[in-house]
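So the structure is just underneath, and the comments pick up after that.
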Protein chains: 2
Amino acid sequence: MTGDHDRSLLLVEDDAKLAALLDRLFTGEGYTVDMARDGQSGLHHALTQRYAVMVIDRGLPAIEGVDLVRRLRARGVATPILVLTARGTTEDRVEGLDAGAEDYVVKPFEIDELLARLRALLRRHTDTSTRLDLGERYLDVAARRVLGGTAGPIELSGRENELLQLFAAHPSQVFTRDELRRLVFQDADSPGAVDTYVYYLRRKLGRDVIRTVHGLGYRMGSA
Amino acid sequence: MTGDHDRSLLLVEDDAKLAALLDRLFTGEGYTVDMARDGQSGLHHALTQRYAVMVIDRGLPAIEGVDLVRRLRARGVATPILVLTARGTTEDRVEGLDAGAEDYVVKPFEIDELLARLRALLRRHTDTSTRLDLGERYLDVAARRVLGGTAGPIELSGRENELLQLFAAHPSQVFTRDELRRLVFQDADSPGAVDTYVYYLRRKLGRDVIRTVHGLGYRMGSA
DNA sequence: GGGCGCTCTGAGGTTCCTCTGAGATTCGCG
DNA sequence: CGCGAATCTCAGAGGAACCTCAGAGCGCCC
């Protein structure tokens, strides 16, 4: 049972030597380290465990690092992410940050700087879990269903799950349709889909799960 | 009349040429830029205005950049800060981040990267940086609602939100109907709209939120 | 191959917001 | 007190934004 600690850290790194070095380094700083050797495995860990912070290498087999970041953000995972990259060109940096990474460090890096950046990331972050609060009920992200109310469990489809996850992870934030389309619906032009899925969620969970902010977008019903 | 915008930015930079360049750059990206030429002035701006983000140079007269960051954090200013530094050594970077800066960029920097880092900073902080004081309660501008009183949250429409935002950002100022019409209502000739929306706000928030200054206009209820 | 569930489209009905305008009320001043 | 001007109150028109839902397209599993 790892990954539910205040200083839990997910390291996604394919290079065995570097992975071992970083593991020792982070452990020595008091982090509880989980390790994944490729993007697929990293994705699985990140979606099923709770971490305080993630450190992800750009050059990964299976799923590329930046792509992994993008996928995690699309599923509402708000955990701060630091990307390790060998490439130091500006386009690479821009791409990583715009994908949703909080920070990046160029290899070869200095140990002190890496640790300082980790501290900076951790200093201001609230974590997410696989169970997200919905007020009366909660969303079990991994099982894709809503539990805990007076009625029985409510099964969600993949899209419904992703959308609700995003809202539940940021309860006070208003999302525009554009943002939701980018984050949840990969297809850039699916104008009505957002509305439809809000409708689906409301039909299943009650009209108040998601509130409309007229002219702006939607936000979570509770809080 | 600056500093109350969603994309308002405070730039603290002593080098005149660099300051002018950055000003143009940020303005071109849609930021509303306030400028300060030294740390003392920067501190004053940062404490009296509200900004979405601050960009601070390390090498400043009067108060050094990192010191400025530390002082702001000590006073509870949570605005995200990006530090520009000529020194690229690890110790410098560590010091800046540990002082409470969210990020730093080493000069000479690439424009695209600087802008990408700004976007990344703003994205992270959009959910906490938009609150205006109303006395007992406060206005969450982004979510368009009033929170914090004894009663539950009060939802506002777009116009109501803009109008109240203007008043709350300038609590002691008296606005004429003409000014309000120009600032809040696009249509140049909508004479009664101002009165109507003042009425709406009063109905939702109590008669005292906005005071009438007979023959002149309106001003905020508190202070 | 056929059935089933999921995703997204598009059209029609509904709600909400904005602003107008007219009557009621209050204010300032002689 | 009395009068004109300023302000308040509120019903409602018009239009934009939104909701609802049937159904087509797609992929998956048996």
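Every chain in the structure tokens has a letter given in the order shown (A, B, ...), and although residue numbers restart at 1 in each chain, ligands are simply numbered from 1 in the order shown.
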Can you move chain B onto chain A by a least-squares fit over all C-alpha atoms paired in order, then give me the moved copy as a PDB file with C-alpha atoms, in the first residue's frame?
```
ATOM      1  CA  MET B   1      -7.895  11.361 -23.261  1.00  0.00           C
ATOM      2  CA  THR B   2      -5.071  11.334 -20.811  1.00  0.00           C
ATOM      3  CA  GLY B   3      -4.234  13.084 -17.621  1.00  0.00           C
ATOM      4  CA  ASP B   4      -7.455  12.524 -15.708  1.00  0.00           C
ATOM      5  CA  HIS B   5      -6.326   9.329 -14.026  1.00  0.00           C
ATOM      6  CA  ASP B   6      -5.384   8.707 -10.427  1.00  0.00           C
ATOM      7  CA  ARG B   7      -1.950   7.507 -11.438  1.00  0.00           C
ATOM      8  CA  SER B   8      -1.391   9.850 -14.332  1.00  0.00           C
ATOM      9  CA  LEU B   9       2.174  11.009 -14.775  1.00  0.00           C
ATOM     10  CA  LEU B  10       3.756  13.734 -16.875  1.00  0.00           C
ATOM     11  CA  LEU B  11       7.259  12.984 -18.074  1.00  0.00           C
ATOM     12  CA  VAL B  12       9.317  15.894 -19.436  1.00  0.00           C
ATOM     13  CA  GLU B  13      12.474  14.473 -20.998  1.00  0.00           C
ATOM     14  CA  ASP B  14      14.356  15.481 -24.126  1.00  0.00           C
ATOM     15  CA  ASP B  15      16.654  12.482 -24.485  1.00  0.00           C
ATOM     16  CA  ALA B  16      14.700  10.101 -26.749  1.00  0.00           C
ATOM     17  CA  LYS B  17      16.319   6.922 -25.476  1.00  0.00           C
ATOM     18  CA  LEU B  18      15.883   7.790 -21.815  1.00  0.00           C
ATOM     19  CA  ALA B  19      12.333   8.962 -22.468  1.00  0.00           C
ATOM     20  CA  ALA B  20      11.396   5.649 -24.065  1.00  0.00           C
ATOM     21  CA  LEU B  21      12.973   3.717 -21.202  1.00  0.00           C
ATOM     22  CA  LEU B  22      11.168   5.708 -18.539  1.00  0.00           C
ATOM     23  CA  ASP B  23       7.895   5.504 -20.431  1.00  0.00           C
ATOM     24  CA  ARG B  24       8.074   1.723 -20.461  1.00  0.00           C
ATOM     25  CA  LEU B  25       9.136   1.649 -16.839  1.00  0.00           C
ATOM     26  CA  PHE B  26       6.323   3.878 -15.579  1.00  0.00           C
ATOM     27  CA  THR B  27       3.689   2.261 -17.756  1.00  0.00           C
ATOM     28  CA  GLY B  28       4.758  -1.113 -16.396  1.00  0.00           C
ATOM     29  CA  GLU B  29       4.164   0.192 -12.891  1.00  0.00           C
ATOM     30  CA  GLY B  30       0.604   1.132 -13.730  1.00  0.00           C
ATOM     31  CA  TYR B  31       1.062   4.826 -14.427  1.00  0.00           C
ATOM     32  CA  THR B  32      -0.662   6.537 -17.313  1.00  0.00           C
ATOM     33  CA  VAL B  33       2.170   8.432 -18.972  1.00  0.00           C
ATOM     34  CA  ASP B  34       2.018  11.679 -20.908  1.00  0.00           C
ATOM     35  CA  MET B  35       5.244  12.836 -22.468  1.00  0.00           C
ATOM     36  CA  ALA B  36       6.733  16.189 -23.381  1.00  0.00           C
ATOM     37  CA  ARG B  37      10.071  16.681 -25.133  1.00  0.00           C
ATOM     38  CA  ASP B  38      10.902  20.187 -23.992  1.00  0.00           C
ATOM     39  CA  GLY B  39      10.055  22.662 -21.262  1.00  0.00           C
ATOM     40  CA  GLN B  40       7.639  24.707 -23.339  1.00  0.00           C
ATOM     41  CA  SER B  41       5.574  21.672 -24.202  1.00  0.00           C
ATOM     42  CA  GLY B  42       5.867  20.432 -20.628  1.00  0.00           C
ATOM     43  CA  LEU B  43       4.555  23.715 -19.310  1.00  0.00           C
ATOM     44  CA  HIS B  44       1.584  23.518 -21.656  1.00  0.00           C
ATOM     45  CA  HIS B  45       0.750  19.965 -20.624  1.00  0.00           C
ATOM     46  CA  ALA B  46       1.143  20.738 -16.935  1.00  0.00           C
ATOM     47  CA  LEU B  47      -1.169  23.735 -17.159  1.00  0.00           C
ATOM     48  CA  THR B  48      -3.908  22.096 -19.210  1.00  0.00           C
ATOM     49  CA  GLN B  49      -4.008  18.615 -17.739  1.00  0.00           C
ATOM     50  CA  ARG B  50      -4.202  17.229 -14.254  1.00  0.00           C
ATOM     51  CA  TYR B  51      -1.462  14.860 -13.160  1.00  0.00           C
ATOM     52  CA  ALA B  52      -0.845  12.838 -10.043  1.00  0.00           C
ATOM     53  CA  VAL B  53       2.885  13.473 -10.330  1.00  0.00           C
ATOM     54  CA  MET B  54       5.447  14.960 -12.713  1.00  0.00           C
ATOM     55  CA  VAL B  55       8.962  13.798 -13.552  1.00  0.00           C
ATOM     56  CA  ILE B  56      11.097  16.547 -15.072  1.00  0.00           C
ATOM     57  CA  ASP B  57      14.626  16.466 -16.412  1.00  0.00           C
ATOM     58  CA  ARG B  58      16.853  19.370 -15.467  1.00  0.00           C
ATOM     59  CA  GLY B  59      18.638  19.656 -18.784  1.00  0.00           C
ATOM     60  CA  LEU B  60      15.875  20.680 -21.161  1.00  0.00           C
ATOM     61  CA  PRO B  61      15.759  22.771 -24.332  1.00  0.00           C
ATOM     62  CA  ALA B  62      13.505  25.872 -24.437  1.00  0.00           C
ATOM     63  CA  ILE B  63      12.917  26.047 -20.673  1.00  0.00           C
ATOM     64  CA  GLU B  64      15.348  24.629 -18.170  1.00  0.00           C
ATOM     65  CA  GLY B  65      13.956  22.043 -15.754  1.00  0.00           C
ATOM     66  CA  VAL B  66      14.318  24.014 -12.539  1.00  0.00           C
ATOM     67  CA  ASP B  67      12.899  27.050 -14.265  1.00  0.00           C
ATOM     68  CA  LEU B  68       9.900  24.992 -15.338  1.00  0.00           C
ATOM     69  CA  VAL B  69       9.337  23.939 -11.747  1.00  0.00           C
ATOM     70  CA  ARG B  70       9.506  27.532 -10.614  1.00  0.00           C
ATOM     71  CA  ARG B  71       7.019  28.691 -13.232  1.00  0.00           C
ATOM     72  CA  LEU B  72       4.564  25.949 -12.356  1.00  0.00           C
ATOM     73  CA  ARG B  73       4.737  26.751  -8.664  1.00  0.00           C
ATOM     74  CA  ALA B  74       4.289  30.421  -9.454  1.00  0.00           C
ATOM     75  CA  ARG B  75       1.016  29.564 -11.194  1.00  0.00           C
ATOM     76  CA  GLY B  76      -0.228  27.586  -8.239  1.00  0.00           C
ATOM     77  CA  VAL B  77       0.301  24.114  -9.671  1.00  0.00           C
ATOM     78  CA  ALA B  78       0.710  21.983  -6.547  1.00  0.00           C
ATOM     79  CA  THR B  79       1.330  18.661  -8.246  1.00  0.00           C
ATOM     80  CA  PRO B  80       4.322  16.847  -6.728  1.00  0.00           C
ATOM     81  CA  ILE B  81       7.409  17.049  -8.920  1.00  0.00           C
ATOM     82  CA  LEU B  82      10.454  14.836  -9.085  1.00  0.00           C
ATOM     83  CA  VAL B  83      13.499  16.271 -10.856  1.00  0.00           C
ATOM     84  CA  LEU B  84      16.062  14.186 -12.704  1.00  0.00           C
ATOM     85  CA  THR B  85      19.512  15.717 -12.704  1.00  0.00           C
ATOM     86  CA  ALA B  86      22.877  14.729 -14.098  1.00  0.00           C
ATOM     87  CA  ARG B  87      24.656  17.201 -11.880  1.00  0.00           C
ATOM     88  CA  GLY B  88      25.094  15.915  -8.403  1.00  0.00           C
ATOM     89  CA  THR B  89      26.624  18.937  -6.761  1.00  0.00           C
ATOM     90  CA  THR B  90      25.108  20.272  -3.621  1.00  0.00           C
ATOM     91  CA  GLU B  91      24.255  23.702  -5.019  1.00  0.00           C
ATOM     92  CA  ASP B  92      22.259  22.115  -7.821  1.00  0.00           C
ATOM     93  CA  ARG B  93      20.294  19.987  -5.446  1.00  0.00           C
ATOM     94  CA  VAL B  94      19.575  22.892  -3.176  1.00  0.00           C
ATOM     95  CA  GLU B  95      18.413  24.990  -6.110  1.00  0.00           C
ATOM     96  CA  GLY B  96      16.037  22.342  -7.333  1.00  0.00           C
ATOM     97  CA  LEU B  97      14.430  21.760  -3.967  1.00  0.00           C
ATOM     98  CA  ASP B  98      14.133  25.439  -3.178  1.00  0.00           C
ATOM     99  CA  ALA B  99      12.460  26.038  -6.542  1.00  0.00           C
ATOM    100  CA  GLY B 100       9.630  23.878  -5.288  1.00  0.00           C
ATOM    101  CA  ALA B 101      10.454  20.371  -6.442  1.00  0.00           C
ATOM    102  CA  GLU B 102       9.446  17.720  -3.964  1.00  0.00           C
ATOM    103  CA  ASP B 103      12.386  15.471  -4.698  1.00  0.00           C
ATOM    104  CA  TYR B 104      15.226  14.822  -7.093  1.00  0.00           C
ATOM    105  CA  VAL B 105      17.148  11.817  -8.362  1.00  0.00           C
ATOM    106  CA  VAL B 106      20.694  11.999  -9.693  1.00  0.00           C
ATOM    107  CA  LYS B 107      21.511  10.301 -12.988  1.00  0.00           C
ATOM    108  CA  PRO B 108      22.575   7.606 -13.387  1.00  0.00           C
ATOM    109  CA  PHE B 109      19.876   6.378 -11.024  1.00  0.00           C
ATOM    110  CA  GLU B 110      18.720   2.982  -9.939  1.00  0.00           C
ATOM    111  CA  ILE B 111      15.294   2.034 -11.174  1.00  0.00           C
ATOM    112  CA  ASP B 112      14.069   0.707  -7.854  1.00  0.00           C
ATOM    113  CA  GLU B 113      14.989   3.890  -6.098  1.00  0.00           C
ATOM    114  CA  LEU B 114      13.270   6.069  -8.671  1.00  0.00           C
ATOM    115  CA  LEU B 115      10.091   4.043  -8.354  1.00  0.00           C
ATOM    116  CA  ALA B 116      10.276   4.075  -4.574  1.00  0.00           C
ATOM    117  CA  ARG B 117      10.586   7.855  -4.593  1.00  0.00           C
ATOM    118  CA  LEU B 118       7.587   8.113  -6.885  1.00  0.00           C
ATOM    119  CA  ARG B 119       5.555   5.942  -4.542  1.00  0.00           C
ATOM    120  CA  ALA B 120       6.648   8.074  -1.610  1.00  0.00           C
ATOM    121  CA  LEU B 121       5.617  11.237  -3.456  1.00  0.00           C
ATOM    122  CA  LEU B 122       2.222   9.875  -4.391  1.00  0.00           C
ATOM    123  CA  ARG B 123       1.516   8.623  -0.900  1.00  0.00           C
ATOM    124  CA  ARG B 124       2.124  12.053   0.515  1.00  0.00           C
ATOM    125  CA  HIS B 125      -0.170  13.803  -1.905  1.00  0.00           C
ATOM    126  CA  THR B 126      -3.123  11.500  -2.307  1.00  0.00           C
ATOM    127  CA  ASP B 127      -5.327  13.600  -0.063  1.00  0.00           C
ATOM    128  CA  THR B 128      -5.100  16.868  -1.976  1.00  0.00           C
ATOM    129  CA  SER B 129      -4.657  16.076  -5.640  1.00  0.00           C
ATOM    130  CA  THR B 130      -8.032  14.739  -6.668  1.00  0.00           C
ATOM    131  CA  ARG B 131     -10.431  17.617  -7.172  1.00  0.00           C
ATOM    132  CA  LEU B 132     -12.501  18.331 -10.254  1.00  0.00           C
ATOM    133  CA  ASP B 133     -14.286  21.585 -10.881  1.00  0.00           C
ATOM    134  CA  LEU B 134     -18.080  21.549 -11.119  1.00  0.00           C
ATOM    135  CA  GLY B 135     -18.722  25.278 -11.220  1.00  0.00           C
ATOM    136  CA  GLU B 136     -20.156  26.166  -7.811  1.00  0.00           C
ATOM    137  CA  ARG B 137     -18.914  22.963  -6.264  1.00  0.00           C
ATOM    138  CA  TYR B 138     -16.172  20.427  -6.837  1.00  0.00           C
ATOM    139  CA  LEU B 139     -15.867  16.670  -6.936  1.00  0.00           C
ATOM    140  CA  ASP B 140     -13.456  14.971  -4.530  1.00  0.00           C
ATOM    141  CA  VAL B 141     -12.778  11.891  -6.594  1.00  0.00           C
ATOM    142  CA  ALA B 142     -10.888   9.944  -3.942  1.00  0.00           C
ATOM    143  CA  ALA B 143     -13.542  10.483  -1.284  1.00  0.00           C
ATOM    144  CA  ARG B 144     -16.345  10.044  -3.799  1.00  0.00           C
ATOM    145  CA  ARG B 145     -18.269  13.117  -2.810  1.00  0.00           C
ATOM    146  CA  VAL B 146     -19.218  16.599  -3.949  1.00  0.00           C
ATOM    147  CA  LEU B 147     -18.254  19.536  -1.753  1.00  0.00           C
ATOM    148  CA  GLY B 148     -18.301  23.302  -1.679  1.00  0.00           C
ATOM    149  CA  GLY B 149     -21.872  24.317  -2.357  1.00  0.00           C
ATOM    150  CA  THR B 150     -24.307  25.944   0.038  1.00  0.00           C
ATOM    151  CA  ALA B 151     -25.646  22.566   1.076  1.00  0.00           C
ATOM    152  CA  GLY B 152     -23.547  19.999   2.887  1.00  0.00           C
ATOM    153  CA  PRO B 153     -21.388  17.360   1.265  1.00  0.00           C
ATOM    154  CA  ILE B 154     -23.118  14.968  -1.135  1.00  0.00           C
ATOM    155  CA  GLU B 155     -21.978  11.357  -1.114  1.00  0.00           C
ATOM    156  CA  LEU B 156     -21.765   9.475  -4.386  1.00  0.00           C
ATOM    157  CA  SER B 157     -21.741   5.779  -5.142  1.00  0.00           C
ATOM    158  CA  GLY B 158     -18.911   4.233  -7.150  1.00  0.00           C
ATOM    159  CA  ARG B 159     -20.713   4.427 -10.473  1.00  0.00           C
ATOM    160  CA  GLU B 160     -22.020   7.912  -9.882  1.00  0.00           C
ATOM    161  CA  ASN B 161     -18.507   9.003  -9.034  1.00  0.00           C
ATOM    162  CA  GLU B 162     -16.964   7.493 -12.166  1.00  0.00           C
ATOM    163  CA  LEU B 163     -19.597   8.998 -14.398  1.00  0.00           C
ATOM    164  CA  LEU B 164     -19.368  12.472 -12.927  1.00  0.00           C
ATOM    165  CA  GLN B 165     -15.580  12.261 -12.981  1.00  0.00           C
ATOM    166  CA  LEU B 166     -15.644  11.612 -16.702  1.00  0.00           C
ATOM    167  CA  PHE B 167     -17.938  14.554 -17.390  1.00  0.00           C
ATOM    168  CA  ALA B 168     -16.056  16.920 -15.108  1.00  0.00           C
ATOM    169  CA  ALA B 169     -12.714  16.056 -16.666  1.00  0.00           C
ATOM    170  CA  HIS B 170     -14.055  16.966 -20.113  1.00  0.00           C
ATOM    171  CA  PRO B 171     -16.530  19.767 -19.526  1.00  0.00           C
ATOM    172  CA  SER B 172     -17.216  20.691 -23.141  1.00  0.00           C
ATOM    173  CA  GLN B 173     -17.357  17.235 -24.663  1.00  0.00           C
ATOM    174  CA  VAL B 174     -20.574  15.482 -25.634  1.00  0.00           C
ATOM    175  CA  PHE B 175     -20.589  11.777 -24.767  1.00  0.00           C
ATOM    176  CA  THR B 176     -22.885   9.312 -26.509  1.00  0.00           C
ATOM    177  CA  ARG B 177     -24.561   6.582 -24.505  1.00  0.00           C
ATOM    178  CA  ASP B 178     -22.317   4.060 -26.228  1.00  0.00           C
ATOM    179  CA  GLU B 179     -19.184   5.879 -25.151  1.00  0.00           C
ATOM    180  CA  LEU B 180     -20.392   6.211 -21.595  1.00  0.00           C
ATOM    181  CA  ARG B 181     -21.317   2.552 -21.499  1.00  0.00           C
ATOM    182  CA  ARG B 182     -17.877   1.544 -22.686  1.00  0.00           C
ATOM    183  CA  LEU B 183     -16.016   3.953 -20.393  1.00  0.00           C
ATOM    184  CA  VAL B 184     -17.988   3.698 -17.185  1.00  0.00           C
ATOM    185  CA  PHE B 185     -20.092   0.543 -17.259  1.00  0.00           C
ATOM    186  CA  GLN B 186     -18.203  -2.704 -17.723  1.00  0.00           C
ATOM    187  CA  ASP B 187     -21.097  -4.734 -19.021  1.00  0.00           C
ATOM    188  CA  ALA B 188     -21.276  -4.133 -22.767  1.00  0.00           C
ATOM    189  CA  ASP B 189     -25.040  -4.473 -22.860  1.00  0.00           C
ATOM    190  CA  SER B 190     -26.638  -2.452 -20.126  1.00  0.00           C
ATOM    191  CA  PRO B 191     -28.628  -0.046 -22.230  1.00  0.00           C
ATOM    192  CA  GLY B 192     -30.644   1.703 -19.570  1.00  0.00           C
ATOM    193  CA  ALA B 193     -27.936   2.015 -16.942  1.00  0.00           C
ATOM    194  CA  VAL B 194     -26.473   5.188 -18.390  1.00  0.00           C
ATOM    195  CA  ASP B 195     -29.819   6.978 -18.298  1.00  0.00           C
ATOM    196  CA  THR B 196     -30.450   5.747 -14.791  1.00  0.00           C
ATOM    197  CA  TYR B 197     -27.157   7.071 -13.459  1.00  0.00           C
ATOM    198  CA  VAL B 198     -27.594  10.395 -15.180  1.00  0.00           C
ATOM    199  CA  TYR B 199     -30.932  10.492 -13.397  1.00  0.00           C
ATOM    200  CA  TYR B 200     -29.289   9.663 -10.062  1.00  0.00           C
ATOM    201  CA  LEU B 201     -26.721  12.426 -10.465  1.00  0.00           C
ATOM    202  CA  ARG B 202     -29.403  14.931 -11.373  1.00  0.00           C
ATOM    203  CA  ARG B 203     -31.483  13.925  -8.399  1.00  0.00           C
ATOM    204  CA  LYS B 204     -28.537  14.439  -6.056  1.00  0.00           C
ATOM    205  CA  LEU B 205     -26.927  17.490  -7.619  1.00  0.00           C
ATOM    206  CA  GLY B 206     -29.695  19.293  -9.437  1.00  0.00           C
ATOM    207  CA  ARG B 207     -31.127  18.920 -12.926  1.00  0.00           C
ATOM    208  CA  ASP B 208     -28.470  21.136 -14.488  1.00  0.00           C
ATOM    209  CA  VAL B 209     -25.291  19.203 -13.634  1.00  0.00           C
ATOM    210  CA  ILE B 210     -25.653  17.185 -16.809  1.00  0.00           C
ATOM    211  CA  ARG B 211     -27.374  18.446 -19.953  1.00  0.00           C
ATOM    212  CA  THR B 212     -29.117  16.262 -22.504  1.00  0.00           C
ATOM    213  CA  VAL B 213     -28.155  16.716 -26.141  1.00  0.00           C
ATOM    214  CA  HIS B 214     -31.181  15.207 -27.771  1.00  0.00           C
ATOM    215  CA  GLY B 215     -30.367  12.413 -30.206  1.00  0.00           C
ATOM    216  CA  LEU B 216     -26.685  12.536 -29.326  1.00  0.00           C
ATOM    217  CA  GLY B 217     -25.987  11.997 -25.652  1.00  0.00           C
ATOM    218  CA  TYR B 218     -24.987  14.048 -22.636  1.00  0.00           C
ATOM    219  CA  ARG B 219     -22.519  16.708 -21.644  1.00  0.00           C
ATOM    220  CA  MET B 220     -21.507  18.646 -18.561  1.00  0.00           C
ATOM    221  CA  GLY B 221     -23.860  21.377 -17.347  1.00  0.00           C
ATOM    222  CA  SER B 222     -21.277  24.122 -16.839  1.00  0.00           C
ATOM    223  CA  ALA B 223     -19.416  25.338 -19.970  1.00  0.00           C
TER     224      ALA B 223
END
```
- Message: Please find the residues of chain D near chain A - the criterion being any atom within 9 Å, counting only C-alpha atoms (C1' of nucleotides) - and write them as a list in words.
- Response: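 Therefore, the residues near the partner are DA17, DC18, DC19 and DT20 of chain D.
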N, CA, C and O atoms (P, O5', C5', C4', C3', O3' and C1' of nucleotides) of the current selection, written as an mmCIF file, in the first residue's frame:
```
data_model
loop_
_atom_site.group_PDB
_atom_site.id
_atom_site.type_symbol
_atom_site.label_atom_id
_atom_site.label_comp_id
_atom_site.auth_asym_id
_atom_site.auth_seq_id
_atom_site.Cartn_x
_atom_site.Cartn_y
_atom_site.Cartn_z
ATOM 1 P P DA D 17 -24.953 33.693 -27.393
ATOM 2 O "O5'" DA D 17 -25.421 32.652 -26.280
ATOM 3 C "C5'" DA D 17 -25.674 33.117 -24.968
ATOM 4 C "C4'" DA D 17 -26.323 32.014 -24.173
ATOM 5 C "C3'" DA D 17 -25.602 30.673 -24.262
ATOM 6 O "O3'" DA D 17 -25.321 30.234 -22.946
ATOM 7 C "C1'" DA D 17 -27.934 30.409 -24.693
ATOM 8 P P DC D 18 -24.628 28.859 -22.705
ATOM 9 O "O5'" DC D 18 -25.868 27.896 -22.473
ATOM 10 C "C5'" DC D 18 -26.854 28.246 -21.530
ATOM 11 C "C4'" DC D 18 -27.994 27.266 -21.582
ATOM 12 C "C3'" DC D 18 -27.574 25.799 -21.529
ATOM 13 O "O3'" DC D 18 -28.095 25.231 -20.339
ATOM 14 C "C1'" DC D 18 -29.260 26.193 -23.167
ATOM 15 P P DC D 19 -27.833 23.703 -19.995
ATOM 16 O "O5'" DC D 19 -29.176 23.012 -20.499
ATOM 17 C "C5'" DC D 19 -30.403 23.435 -19.937
ATOM 18 C "C4'" DC D 19 -31.546 22.613 -20.485
ATOM 19 C "C3'" DC D 19 -31.408 21.104 -20.324
ATOM 20 O "O3'" DC D 19 -32.635 20.624 -19.798
ATOM 21 C "C1'" DC D 19 -31.791 21.650 -22.613
ATOM 22 P P DT D 20 -32.774 19.132 -19.271
ATOM 23 O "O5'" DT D 20 -33.387 18.363 -20.508
ATOM 24 C "C5'" DT D 20 -34.625 18.817 -21.055
ATOM 25 C "C4'" DT D 20 -34.911 18.091 -22.353
ATOM 26 C "C3'" DT D 20 -34.675 16.576 -22.309
ATOM 27 O "O3'" DT D 20 -35.916 15.944 -22.486
ATOM 28 C "C1'" DT D 20 -33.817 17.556 -24.305
#
```
- Message: Going by DSSP on the backbone, which residues of stretch 5-198 of chain A come out as strand (DSSP E or B)? List them as a PyMOL selection string.
- Response: chain A and resi 8-12+32-36+53-57+81-85+103-106+131-133+138-140+145-147+154-155+175-176
- Pick out each residue of stretch 24-182 of chain A that DSSP on the backbone tags as helix (DSSP H, G or I); I need them as a PyMOL selection string. chain A and resi 24-28+39-48+65-74+90-99+111-122+158-169+177-182
Residues of chain C at most 9 Å from chain A: nearest atom pair and distance in Å, only C-alpha atoms (C1' of nucleotides), as JSON lines:
```
{"residue": "C:DC6", "atom": "C1'", "partner": "A:Ser157", "partner_atom": "CA", "distance": 7.3}
{"residue": "C:DT7", "atom": "C1'", "partner": "A:Arg159", "partner_atom": "CA", "distance": 8.4}
{"residue": "C:DC8", "atom": "C1'", "partner": "A:Ala193", "partner_atom": "CA", "distance": 5.8}
{"residue": "C:DT9", "atom": "C1'", "partner": "A:Gly192", "partner_atom": "CA", "distance": 7.3}
{"residue": "C:DG10", "atom": "C1'", "partner": "A:Gly192", "partner_atom": "CA", "distance": 8.7}
{"residue": "C:DC16", "atom": "C1'", "partner": "A:His214", "partner_atom": "CA", "distance": 7.7}
{"residue": "C:DC17", "atom": "C1'", "partner": "A:His214", "partner_atom": "CA", "distance": 8.4}
```
Please, could you write that set of residues out with N, CA, C and O atoms (P, O5', C5', C4', C3', O3' and C1' of nucleotides) as a short mmCIF file (atom, residue, chain, number, x, y, z; two decimals), in the first residue's frame?
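Contents of out-v9.cif, freshly written:
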```
data_model
loop_
_atom_site.label_atom_id
_atom_site.label_comp_id
_atom_site.auth_asym_id
_atom_site.auth_seq_id
_atom_site.Cartn_x
_atom_site.Cartn_y
_atom_site.Cartn_z
P DC C 6 -22.75 1.66 -21.98
"O5'" DC C 6 -21.89 2.64 -22.89
"C5'" DC C 6 -20.64 2.20 -23.40
"C4'" DC C 6 -20.23 3.09 -24.53
"C3'" DC C 6 -20.32 4.59 -24.22
"O3'" DC C 6 -19.03 5.16 -24.33
"C1'" DC C 6 -21.28 4.09 -26.34
P DT C 7 -18.82 6.71 -23.97
"O5'" DT C 7 -18.99 7.42 -25.37
"C5'" DT C 7 -18.12 7.08 -26.45
"C4'" DT C 7 -18.50 7.85 -27.68
"C3'" DT C 7 -18.63 9.36 -27.49
"O3'" DT C 7 -17.67 10.01 -28.30
"C1'" DT C 7 -20.47 8.48 -28.72
P DC C 8 -17.36 11.56 -28.11
"O5'" DC C 8 -18.41 12.22 -29.11
"C5'" DC C 8 -18.24 12.02 -30.51
"C4'" DC C 8 -19.51 12.38 -31.24
"C3'" DC C 8 -19.92 13.84 -31.19
"O3'" DC C 8 -19.68 14.43 -32.47
"C1'" DC C 8 -21.78 12.35 -30.99
P DT C 9 -20.10 15.96 -32.78
"O5'" DT C 9 -21.51 15.79 -33.49
"C5'" DT C 9 -21.60 14.96 -34.64
"C4'" DT C 9 -23.01 15.01 -35.21
"C3'" DT C 9 -23.56 16.41 -35.44
"O3'" DT C 9 -24.07 16.49 -36.76
"C1'" DT C 9 -25.08 15.15 -34.15
P DG C 10 -24.22 17.92 -37.48
"O5'" DG C 10 -25.79 18.18 -37.31
"C5'" DG C 10 -26.69 17.14 -37.67
"C4'" DG C 10 -28.06 17.45 -37.14
"C3'" DG C 10 -28.47 18.93 -37.20
"O3'" DG C 10 -29.79 19.00 -37.72
"C1'" DG C 10 -28.77 18.10 -35.01
P DC C 16 -34.40 29.04 -15.92
"O5'" DC C 16 -33.45 30.20 -16.44
"C5'" DC C 16 -32.20 29.84 -17.02
"C4'" DC C 16 -31.62 31.05 -17.69
"C3'" DC C 16 -31.65 32.30 -16.82
"O3'" DC C 16 -30.32 32.70 -16.60
"C1'" DC C 16 -32.45 32.76 -19.02
P DC C 17 -29.92 34.00 -15.76
"O5'" DC C 17 -29.71 35.06 -16.92
"C5'" DC C 17 -28.76 34.76 -17.93
"C4'" DC C 17 -28.70 35.90 -18.92
"C3'" DC C 17 -28.51 37.27 -18.28
"O3'" DC C 17 -27.43 37.91 -18.93
"C1'" DC C 17 -30.42 37.28 -19.71
#
```
- Message: List the spatial neighbours of D:DA13 as a list in words - criterion: any atom at most 12 Å away, only C-alpha atoms (C1' of nucleotides), same-chain residues fewer than 4 positions off excluded.
- Response: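 Near neighbours after the sequence-gap exclusion: DT18, DC19, DT20 and DG21 of chain C.
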